[in-house]
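Structure first, then comments.
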2 protein chains.
Amino acid sequence: MNKYHQIYSDIVADIDNQRFVQDDKIPSESELMLSYEASRGTVRKAVDMLQERGYVQKIHGKGVFVLKPGNIEFQLSGIVSFQEMNERMGRKVESQVVELAEVAADAALSKAMRLAEGAPLVKIKRVRNIDGENVILDVNHFVAALVSGLSREVAAGSIYRYIEQQLGLTISYSQRIIEAQPCSDDDRRYLDLNGMDHVIVVKNLTHLYDGRLFEYTESRHRLDKFYFTDIARR
Amino acid sequence: MNKYHQIYSDIVADIDNQRFVQDDKIPSESELMLSYEASRGTVRKAVDMLQERGYVQKIHGKGVFVLKPGNIEFQLSGIVSFQEMNERMGRKVESQVVELAEVAADAALSKAMRLAEGAPLVKIKRVRNIDGENVILDVNHFVAALVSGLSREVAAGSIYRYIEQQLGLTISYSQRIIEAQPCSDDDRRYLDLNGMDHVIVVKNLTHLYDGRLFEYTESRHRLDKFYFTDIARR
DNA sequence: CTTGATTTGTGCGTATGTATG
DNA sequence: GCATACATACGCACAAATCAA
């Protein structure tokens, strides 16, 4: 682990464990320089990361103040998979793979993914059950050339973990689009909709470190189970 | 304008105006150092900002590559007001102020805003009309002690502009929550719902530079007119 | 009102490491 | 091996905001 990353994650841990609580001032740059035997630039990089990710607010001439109340579920910005998120929140979650097939990119997909029409994809459809109700339908499309060996066993667990740890690919960033859509036939077939006629769709275009797109996913959420939060800065 | 900010905004302009297009490599750090007579740290800070905001992707040993296709409506992360956003997209937009009153914080508001119950607030309710339809209902609650002189004339324009330019306050960050809710009576009264029974609610807790909360806003969108996009990083 | 101490902001320079081609 | 390009880390100087003496 890098030095700045060490400082960063130590302070994150201090906030999560309530050693620093909301409105506390964290140690000044010079104090951190001493305690970590680091240069000012290194310390500043760590604190800048904390601010970007919504943990703290720096105020010129005063200090650096903690924003979040301790630990909490707060899903700040970042790519977090369904599996990772719900593990953190301690919910009873099950995934059921209802489809896994090799398909060719149709017109809509090839446009969205900027791929040649007919390019081979692996399509996975999963139903997410939270506390006894089917509330999310995930439809993934992976670029077959990049992601090999996707089985039902892998799909039942965390696909991201498989991709990063087994295939050794580095996931870097994702463009995310959130919108509402009328329910599709699939929604009605797989989800417990309780009469609701729309779903919230989170589209994800996920890219590797070198910029190659490797996945297009639609995550279709029942209206009353959707929740998204982040921190925006001017 | 700072030096790093100058470099940053020059490159943003180059991307928006398609002088750099998707997958182009921008000048290397050493080239930017020469052309701006800047140190490496300054150049790197500018490029880091570009990456954080989703304009580029840095790849170790190769260069820095442009992600976005030129200009476009892409609503990247950041606090952008309704007014600012639609001005960019060239839409025909009208705002109607349907309520403006001094109120006291009730239990729900005082909890959400972490204020004393009964604290004085300025409540503004506005209907947003886009291309002839009422599709957004904005309900703002400003802390009266911080935001004075809010009139109907100000509310009809950009309140943010008034706050920053007239009152001289610096808006810094905002916690944003997105979720769906069943329609309220107000939604039915003010919006053209076309039979839809839910709205998407964007809650904003906006803070000043010194960390003081000055606004709680609910922006209630008709399902089919809601759209949100950003870039998430690992 | 002024001064000084503290703290963050901006900018410079340098050295060394690591990934790519 | 070598050149190029980004990554990490160190150091220094001065500016600007805040606060207390």
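Chain labels run A, B, ... following the order of the structure tokens; each chain numbers its residues from 1, and ligands are numbered from 1 in the order shown.
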request  = For chain A, work out the contacting residues on chain C at 10 Å, counting only C-alpha atoms (C1' of nucleotides), and write them as a ChimeraX atom specification.
outcome  = /C:6-9
Output, as a PDB file with C-alpha atoms, in the first residue's frame, the coordinates of chain A following least-squares superposition onto chain B across all in-order C-alpha pairs.
```
ATOM      1  CA  MET A   1      -7.537  32.236 -12.261  1.00  0.00           C
ATOM      2  CA  ASN A   2      -4.941  29.813 -10.929  1.00  0.00           C
ATOM      3  CA  LYS A   3      -2.386  28.260 -13.163  1.00  0.00           C
ATOM      4  CA  TYR A   4      -3.683  24.711 -12.758  1.00  0.00           C
ATOM      5  CA  HIS A   5      -7.208  25.921 -13.298  1.00  0.00           C
ATOM      6  CA  GLN A   6      -6.145  27.642 -16.481  1.00  0.00           C
ATOM      7  CA  ILE A   7      -4.612  24.455 -17.832  1.00  0.00           C
ATOM      8  CA  TYR A   8      -7.674  22.480 -16.780  1.00  0.00           C
ATOM      9  CA  SER A   9     -10.188  24.770 -18.405  1.00  0.00           C
ATOM     10  CA  ASP A  10      -8.147  25.122 -21.586  1.00  0.00           C
ATOM     11  CA  ILE A  11      -8.247  21.370 -22.030  1.00  0.00           C
ATOM     12  CA  VAL A  12     -11.946  21.188 -21.170  1.00  0.00           C
ATOM     13  CA  ALA A  13     -12.544  23.767 -23.883  1.00  0.00           C
ATOM     14  CA  ASP A  14     -10.434  21.735 -26.315  1.00  0.00           C
ATOM     15  CA  ILE A  15     -12.616  18.712 -25.632  1.00  0.00           C
ATOM     16  CA  ASP A  16     -15.895  20.600 -25.794  1.00  0.00           C
ATOM     17  CA  ASN A  17     -14.926  22.154 -29.086  1.00  0.00           C
ATOM     18  CA  GLN A  18     -13.763  18.858 -30.529  1.00  0.00           C
ATOM     19  CA  ARG A  19     -10.166  19.938 -30.885  1.00  0.00           C
ATOM     20  CA  PHE A  20      -9.547  16.790 -28.885  1.00  0.00           C
ATOM     21  CA  VAL A  21     -11.991  14.004 -29.601  1.00  0.00           C
ATOM     22  CA  GLN A  22     -12.699  10.667 -28.007  1.00  0.00           C
ATOM     23  CA  ASP A  23      -9.661   8.389 -27.691  1.00  0.00           C
ATOM     24  CA  ASP A  24      -7.251  11.190 -28.559  1.00  0.00           C
ATOM     25  CA  LYS A  25      -4.155  11.481 -26.415  1.00  0.00           C
ATOM     26  CA  ILE A  26      -3.738  14.887 -24.839  1.00  0.00           C
ATOM     27  CA  PRO A  27      -0.217  16.391 -24.582  1.00  0.00           C
ATOM     28  CA  SER A  28       2.096  14.631 -22.128  1.00  0.00           C
ATOM     29  CA  GLU A  29       3.015  16.150 -18.801  1.00  0.00           C
ATOM     30  CA  SER A  30       6.374  17.335 -20.087  1.00  0.00           C
ATOM     31  CA  GLU A  31       4.784  18.945 -23.116  1.00  0.00           C
ATOM     32  CA  LEU A  32       2.275  20.769 -20.954  1.00  0.00           C
ATOM     33  CA  MET A  33       5.081  21.860 -18.632  1.00  0.00           C
ATOM     34  CA  LEU A  34       6.840  23.481 -21.570  1.00  0.00           C
ATOM     35  CA  SER A  35       3.833  25.105 -23.194  1.00  0.00           C
ATOM     36  CA  TYR A  36       2.535  26.535 -19.920  1.00  0.00           C
ATOM     37  CA  GLU A  37       5.919  27.094 -18.259  1.00  0.00           C
ATOM     38  CA  ALA A  38       4.537  25.197 -15.285  1.00  0.00           C
ATOM     39  CA  SER A  39       5.993  22.680 -12.895  1.00  0.00           C
ATOM     40  CA  ARG A  40       5.096  19.035 -13.125  1.00  0.00           C
ATOM     41  CA  GLY A  41       2.985  19.178  -9.967  1.00  0.00           C
ATOM     42  CA  THR A  42       0.839  21.935 -11.403  1.00  0.00           C
ATOM     43  CA  VAL A  43       0.315  20.097 -14.661  1.00  0.00           C
ATOM     44  CA  ARG A  44      -0.504  16.879 -12.827  1.00  0.00           C
ATOM     45  CA  LYS A  45      -3.069  18.639 -10.665  1.00  0.00           C
ATOM     46  CA  ALA A  46      -4.870  19.912 -13.742  1.00  0.00           C
ATOM     47  CA  VAL A  47      -4.893  16.496 -15.385  1.00  0.00           C
ATOM     48  CA  ASP A  48      -6.046  14.824 -12.169  1.00  0.00           C
ATOM     49  CA  MET A  49      -9.004  17.181 -12.092  1.00  0.00           C
ATOM     50  CA  LEU A  50      -9.854  16.270 -15.666  1.00  0.00           C
ATOM     51  CA  GLN A  51      -9.860  12.610 -14.727  1.00  0.00           C
ATOM     52  CA  GLU A  52     -11.969  13.105 -11.591  1.00  0.00           C
ATOM     53  CA  ARG A  53     -14.584  14.893 -13.599  1.00  0.00           C
ATOM     54  CA  GLY A  54     -14.755  12.211 -16.211  1.00  0.00           C
ATOM     55  CA  TYR A  55     -13.099  13.976 -19.127  1.00  0.00           C
ATOM     56  CA  VAL A  56     -10.035  11.782 -19.480  1.00  0.00           C
ATOM     57  CA  GLN A  57      -8.472   8.509 -18.403  1.00  0.00           C
ATOM     58  CA  LYS A  58      -4.795   8.369 -17.469  1.00  0.00           C
ATOM     59  CA  ILE A  59      -2.897   5.209 -18.334  1.00  0.00           C
ATOM     60  CA  HIS A  60       0.474   4.558 -16.768  1.00  0.00           C
ATOM     61  CA  GLY A  61       3.231   4.501 -19.362  1.00  0.00           C
ATOM     62  CA  LYS A  62       0.955   5.390 -22.242  1.00  0.00           C
ATOM     63  CA  GLY A  63      -0.648   8.767 -21.832  1.00  0.00           C
ATOM     64  CA  VAL A  64      -3.904  10.518 -21.076  1.00  0.00           C
ATOM     65  CA  PHE A  65      -6.900   9.725 -23.244  1.00  0.00           C
ATOM     66  CA  VAL A  66     -10.102  11.635 -23.878  1.00  0.00           C
ATOM     67  CA  LEU A  67     -13.240   9.789 -22.808  1.00  0.00           C
ATOM     68  CA  LYS A  68     -16.148  11.950 -23.826  1.00  0.00           C
ATOM     69  CA  PRO A  69     -17.345  12.567 -27.309  1.00  0.00           C
ATOM     70  CA  GLY A  70     -17.240  16.329 -27.832  1.00  0.00           C
ATOM     71  CA  ASN A  71     -19.414  18.853 -26.023  1.00  0.00           C
ATOM     72  CA  ILE A  72     -22.757  17.108 -25.446  1.00  0.00           C
ATOM     73  CA  GLU A  73     -25.264  17.535 -22.751  1.00  0.00           C
ATOM     74  CA  PHE A  74     -23.512  15.130 -20.468  1.00  0.00           C
ATOM     75  CA  GLN A  75     -24.321  16.133 -16.986  1.00  0.00           C
ATOM     76  CA  LEU A  76     -21.312  14.886 -15.114  1.00  0.00           C
ATOM     77  CA  SER A  77     -21.211  14.965 -11.416  1.00  0.00           C
ATOM     78  CA  GLY A  78     -21.388  18.373  -9.858  1.00  0.00           C
ATOM     79  CA  ILE A  79     -23.996  20.690  -8.509  1.00  0.00           C
ATOM     80  CA  VAL A  80     -25.873  22.210 -11.357  1.00  0.00           C
ATOM     81  CA  SER A  81     -29.120  24.034 -10.945  1.00  0.00           C
ATOM     82  CA  PHE A  82     -32.188  23.505 -13.062  1.00  0.00           C
ATOM     83  CA  GLN A  83     -31.687  26.883 -14.657  1.00  0.00           C
ATOM     84  CA  GLU A  84     -28.039  26.348 -15.525  1.00  0.00           C
ATOM     85  CA  MET A  85     -28.643  22.887 -16.930  1.00  0.00           C
ATOM     86  CA  ASN A  86     -31.472  23.763 -19.223  1.00  0.00           C
ATOM     87  CA  GLU A  87     -29.776  26.909 -20.442  1.00  0.00           C
ATOM     88  CA  ARG A  88     -26.997  24.668 -21.662  1.00  0.00           C
ATOM     89  CA  MET A  89     -29.347  22.319 -23.424  1.00  0.00           C
ATOM     90  CA  GLY A  90     -31.277  25.060 -25.138  1.00  0.00           C
ATOM     91  CA  ARG A  91     -34.695  23.971 -23.954  1.00  0.00           C
ATOM     92  CA  LYS A  92     -37.725  26.202 -23.601  1.00  0.00           C
ATOM     93  CA  VAL A  93     -38.125  26.421 -19.895  1.00  0.00           C
ATOM     94  CA  GLU A  94     -40.354  28.373 -17.582  1.00  0.00           C
ATOM     95  CA  SER A  95     -40.581  28.523 -13.827  1.00  0.00           C
ATOM     96  CA  GLN A  96     -43.656  29.525 -11.907  1.00  0.00           C
ATOM     97  CA  VAL A  97     -43.484  30.397  -8.235  1.00  0.00           C
ATOM     98  CA  VAL A  98     -46.600  28.937  -6.647  1.00  0.00           C
ATOM     99  CA  GLU A  99     -45.698  29.536  -3.035  1.00  0.00           C
ATOM    100  CA  LEU A 100     -43.236  31.668  -1.079  1.00  0.00           C
ATOM    101  CA  ALA A 101     -43.606  31.879   2.662  1.00  0.00           C
ATOM    102  CA  GLU A 102     -41.763  32.018   5.953  1.00  0.00           C
ATOM    103  CA  VAL A 103     -42.364  28.806   7.852  1.00  0.00           C
ATOM    104  CA  ALA A 104     -41.055  27.121  10.972  1.00  0.00           C
ATOM    105  CA  ALA A 105     -39.218  23.802  10.741  1.00  0.00           C
ATOM    106  CA  ASP A 106     -41.570  20.947  11.569  1.00  0.00           C
ATOM    107  CA  ALA A 107     -40.400  17.663  13.052  1.00  0.00           C
ATOM    108  CA  ALA A 108     -39.488  16.055   9.737  1.00  0.00           C
ATOM    109  CA  LEU A 109     -37.582  19.075   8.485  1.00  0.00           C
ATOM    110  CA  SER A 110     -35.736  19.703  11.699  1.00  0.00           C
ATOM    111  CA  LYS A 111     -34.550  16.118  11.656  1.00  0.00           C
ATOM    112  CA  ALA A 112     -33.523  16.133   8.010  1.00  0.00           C
ATOM    113  CA  MET A 113     -31.748  19.462   8.359  1.00  0.00           C
ATOM    114  CA  ARG A 114     -30.414  18.887  11.853  1.00  0.00           C
ATOM    115  CA  LEU A 115     -31.920  22.158  13.042  1.00  0.00           C
ATOM    116  CA  ALA A 116     -33.925  23.091  16.099  1.00  0.00           C
ATOM    117  CA  GLU A 117     -37.628  22.477  15.698  1.00  0.00           C
ATOM    118  CA  GLY A 118     -39.336  25.723  14.870  1.00  0.00           C
ATOM    119  CA  ALA A 119     -36.267  27.291  13.260  1.00  0.00           C
ATOM    120  CA  PRO A 120     -37.297  29.890  10.686  1.00  0.00           C
ATOM    121  CA  LEU A 121     -37.130  28.804   7.056  1.00  0.00           C
ATOM    122  CA  VAL A 122     -38.083  30.316   3.748  1.00  0.00           C
ATOM    123  CA  LYS A 123     -40.150  27.876   1.755  1.00  0.00           C
ATOM    124  CA  ILE A 124     -40.424  28.225  -1.989  1.00  0.00           C
ATOM    125  CA  LYS A 125     -42.490  26.030  -4.234  1.00  0.00           C
ATOM    126  CA  ARG A 126     -41.879  26.258  -7.952  1.00  0.00           C
ATOM    127  CA  VAL A 127     -43.321  24.464 -10.940  1.00  0.00           C
ATOM    128  CA  ARG A 128     -40.974  23.858 -13.849  1.00  0.00           C
ATOM    129  CA  ASN A 129     -42.443  23.813 -17.296  1.00  0.00           C
ATOM    130  CA  ILE A 130     -40.392  22.267 -20.075  1.00  0.00           C
ATOM    131  CA  ASP A 131     -41.608  22.543 -23.641  1.00  0.00           C
ATOM    132  CA  GLY A 132     -45.158  23.197 -22.532  1.00  0.00           C
ATOM    133  CA  GLU A 133     -45.587  20.586 -19.809  1.00  0.00           C
ATOM    134  CA  ASN A 134     -45.339  20.926 -16.033  1.00  0.00           C
ATOM    135  CA  VAL A 135     -42.922  18.160 -15.190  1.00  0.00           C
ATOM    136  CA  ILE A 136     -40.937  19.184 -12.117  1.00  0.00           C
ATOM    137  CA  LEU A 137     -42.048  20.488  -8.738  1.00  0.00           C
ATOM    138  CA  ASP A 138     -39.261  22.039  -6.691  1.00  0.00           C
ATOM    139  CA  VAL A 139     -39.723  22.643  -3.002  1.00  0.00           C
ATOM    140  CA  ASN A 140     -36.881  24.589  -1.399  1.00  0.00           C
ATOM    141  CA  HIS A 141     -36.340  25.276   2.268  1.00  0.00           C
ATOM    142  CA  PHE A 142     -33.697  27.888   2.953  1.00  0.00           C
ATOM    143  CA  VAL A 143     -32.366  28.699   6.386  1.00  0.00           C
ATOM    144  CA  ALA A 144     -33.774  32.181   6.918  1.00  0.00           C
ATOM    145  CA  ALA A 145     -30.845  33.290   9.039  1.00  0.00           C
ATOM    146  CA  LEU A 146     -28.467  32.740   6.116  1.00  0.00           C
ATOM    147  CA  VAL A 147     -30.515  33.658   3.090  1.00  0.00           C
ATOM    148  CA  SER A 148     -32.257  36.998   3.328  1.00  0.00           C
ATOM    149  CA  GLY A 149     -34.200  39.002   0.809  1.00  0.00           C
ATOM    150  CA  LEU A 150     -35.708  36.167  -1.186  1.00  0.00           C
ATOM    151  CA  SER A 151     -38.467  37.692  -3.238  1.00  0.00           C
ATOM    152  CA  ARG A 152     -40.695  36.280  -5.926  1.00  0.00           C
ATOM    153  CA  GLU A 153     -38.559  38.031  -8.510  1.00  0.00           C
ATOM    154  CA  VAL A 154     -35.439  36.283  -7.290  1.00  0.00           C
ATOM    155  CA  ALA A 155     -37.240  32.950  -7.067  1.00  0.00           C
ATOM    156  CA  ALA A 156     -38.416  33.263 -10.656  1.00  0.00           C
ATOM    157  CA  GLY A 157     -34.790  33.426 -11.793  1.00  0.00           C
ATOM    158  CA  SER A 158     -31.824  31.513 -10.467  1.00  0.00           C
ATOM    159  CA  ILE A 159     -31.736  31.462  -6.683  1.00  0.00           C
ATOM    160  CA  TYR A 160     -28.235  30.055  -6.679  1.00  0.00           C
ATOM    161  CA  ARG A 161     -26.972  32.949  -8.722  1.00  0.00           C
ATOM    162  CA  TYR A 162     -28.586  35.357  -6.254  1.00  0.00           C
ATOM    163  CA  ILE A 163     -27.028  33.602  -3.287  1.00  0.00           C
ATOM    164  CA  GLU A 164     -23.543  33.505  -4.713  1.00  0.00           C
ATOM    165  CA  GLN A 165     -23.434  36.865  -6.451  1.00  0.00           C
ATOM    166  CA  GLN A 166     -25.700  39.063  -4.352  1.00  0.00           C
ATOM    167  CA  LEU A 167     -25.228  37.583  -0.907  1.00  0.00           C
ATOM    168  CA  GLY A 168     -21.599  36.590  -1.482  1.00  0.00           C
ATOM    169  CA  LEU A 169     -21.991  33.131   0.014  1.00  0.00           C
ATOM    170  CA  THR A 170     -19.892  30.252  -1.302  1.00  0.00           C
ATOM    171  CA  ILE A 171     -21.743  27.051  -2.040  1.00  0.00           C
ATOM    172  CA  SER A 172     -19.467  24.113  -1.551  1.00  0.00           C
ATOM    173  CA  TYR A 173     -21.071  20.703  -1.562  1.00  0.00           C
ATOM    174  CA  SER A 174     -24.369  18.945  -1.509  1.00  0.00           C
ATOM    175  CA  GLN A 175     -25.529  15.564  -0.363  1.00  0.00           C
ATOM    176  CA  ARG A 176     -27.926  14.212  -2.878  1.00  0.00           C
ATOM    177  CA  ILE A 177     -30.446  11.428  -2.429  1.00  0.00           C
ATOM    178  CA  ILE A 178     -32.458   9.983  -5.284  1.00  0.00           C
ATOM    179  CA  GLU A 179     -35.506   7.832  -4.691  1.00  0.00           C
ATOM    180  CA  ALA A 180     -39.049   7.233  -5.904  1.00  0.00           C
ATOM    181  CA  GLN A 181     -42.200   8.165  -4.009  1.00  0.00           C
ATOM    182  CA  PRO A 182     -45.936   7.851  -4.570  1.00  0.00           C
ATOM    183  CA  CYS A 183     -47.422  11.096  -5.850  1.00  0.00           C
ATOM    184  CA  SER A 184     -48.424  13.625  -3.233  1.00  0.00           C
ATOM    185  CA  ASP A 185     -51.434  15.910  -3.425  1.00  0.00           C
ATOM    186  CA  ASP A 186     -49.136  18.709  -4.509  1.00  0.00           C
ATOM    187  CA  ASP A 187     -47.772  16.588  -7.338  1.00  0.00           C
ATOM    188  CA  ARG A 188     -51.266  15.949  -8.578  1.00  0.00           C
ATOM    189  CA  ARG A 189     -52.194  19.589  -8.245  1.00  0.00           C
ATOM    190  CA  TYR A 190     -49.233  21.106 -10.028  1.00  0.00           C
ATOM    191  CA  LEU A 191     -47.823  18.536 -12.440  1.00  0.00           C
ATOM    192  CA  ASP A 192     -49.101  17.086 -15.687  1.00  0.00           C
ATOM    193  CA  LEU A 193     -48.829  13.514 -14.536  1.00  0.00           C
ATOM    194  CA  ASN A 194     -50.528  11.705 -17.415  1.00  0.00           C
ATOM    195  CA  GLY A 195     -51.792   9.083 -15.039  1.00  0.00           C
ATOM    196  CA  MET A 196     -48.445   8.226 -13.479  1.00  0.00           C
ATOM    197  CA  ASP A 197     -48.728   7.537  -9.778  1.00  0.00           C
ATOM    198  CA  HIS A 198     -45.085   7.926  -8.702  1.00  0.00           C
ATOM    199  CA  VAL A 199     -42.472  10.640  -8.990  1.00  0.00           C
ATOM    200  CA  ILE A 200     -38.705  10.564  -8.657  1.00  0.00           C
ATOM    201  CA  VAL A 201     -37.553  12.723  -5.792  1.00  0.00           C
ATOM    202  CA  VAL A 202     -34.093  14.240  -5.679  1.00  0.00           C
ATOM    203  CA  LYS A 203     -33.330  15.504  -2.206  1.00  0.00           C
ATOM    204  CA  ASN A 204     -30.520  17.966  -1.819  1.00  0.00           C
ATOM    205  CA  LEU A 205     -28.821  19.048   1.371  1.00  0.00           C
ATOM    206  CA  THR A 206     -26.674  21.919   0.233  1.00  0.00           C
ATOM    207  CA  HIS A 207     -23.871  23.320   2.368  1.00  0.00           C
ATOM    208  CA  LEU A 208     -21.731  26.405   2.393  1.00  0.00           C
ATOM    209  CA  TYR A 209     -17.966  26.387   2.287  1.00  0.00           C
ATOM    210  CA  ASP A 210     -17.745  26.530   6.068  1.00  0.00           C
ATOM    211  CA  GLY A 211     -19.943  23.472   6.392  1.00  0.00           C
ATOM    212  CA  ARG A 212     -23.156  25.184   7.441  1.00  0.00           C
ATOM    213  CA  LEU A 213     -26.281  23.736   5.881  1.00  0.00           C
ATOM    214  CA  PHE A 214     -28.299  26.412   4.172  1.00  0.00           C
ATOM    215  CA  GLU A 215     -30.823  24.560   2.089  1.00  0.00           C
ATOM    216  CA  TYR A 216     -32.941  21.458   1.900  1.00  0.00           C
ATOM    217  CA  THR A 217     -34.638  20.909  -1.413  1.00  0.00           C
ATOM    218  CA  GLU A 218     -36.897  18.283  -2.862  1.00  0.00           C
ATOM    219  CA  SER A 219     -37.065  18.196  -6.598  1.00  0.00           C
ATOM    220  CA  ARG A 220     -39.995  16.072  -7.714  1.00  0.00           C
ATOM    221  CA  HIS A 221     -39.742  14.839 -11.285  1.00  0.00           C
ATOM    222  CA  ARG A 222     -42.302  13.178 -13.471  1.00  0.00           C
ATOM    223  CA  LEU A 223     -40.996   9.675 -14.137  1.00  0.00           C
ATOM    224  CA  ASP A 224     -40.552  10.015 -17.874  1.00  0.00           C
ATOM    225  CA  LYS A 225     -38.684  13.302 -17.625  1.00  0.00           C
ATOM    226  CA  PHE A 226     -36.034  12.254 -15.150  1.00  0.00           C
ATOM    227  CA  TYR A 227     -32.500  11.619 -16.276  1.00  0.00           C
ATOM    228  CA  PHE A 228     -29.294  11.533 -14.272  1.00  0.00           C
ATOM    229  CA  THR A 229     -25.784  10.600 -15.306  1.00  0.00           C
ATOM    230  CA  ASP A 230     -22.358  10.636 -13.773  1.00  0.00           C
ATOM    231  CA  ILE A 231     -19.040   8.848 -13.764  1.00  0.00           C
ATOM    232  CA  ALA A 232     -18.127   6.552 -10.903  1.00  0.00           C
ATOM    233  CA  ARG A 233     -14.583   5.478 -10.158  1.00  0.00           C
ATOM    234  CA  ARG A 234     -13.242   2.503  -8.290  1.00  0.00           C
TER     235      ARG A 234
END
```
ask   = For chain D, which residues have at least one atom within 12 Å of chain A, if we go by only C-alpha atoms (C1' of nucleotides)? Write them as a count of residues only, please.
value = 11
request  = Take C1' of DT4 in chain D and C1' of DG13 in chain C and report the distance between them in Å, one decimal.
outcome  = 20.7 Å
ask   = range 77-184 of chain A: which residues are strand (DSSP E) by DSSP, as a ChimeraX atom specification?
value = /A:93-104,120-130,133-143,171-182
task = Rounded to one decimal place, report the C1' of DT2 in chain C-C1' of DA13 in chain D distance in Å.
result = 24.8 Å
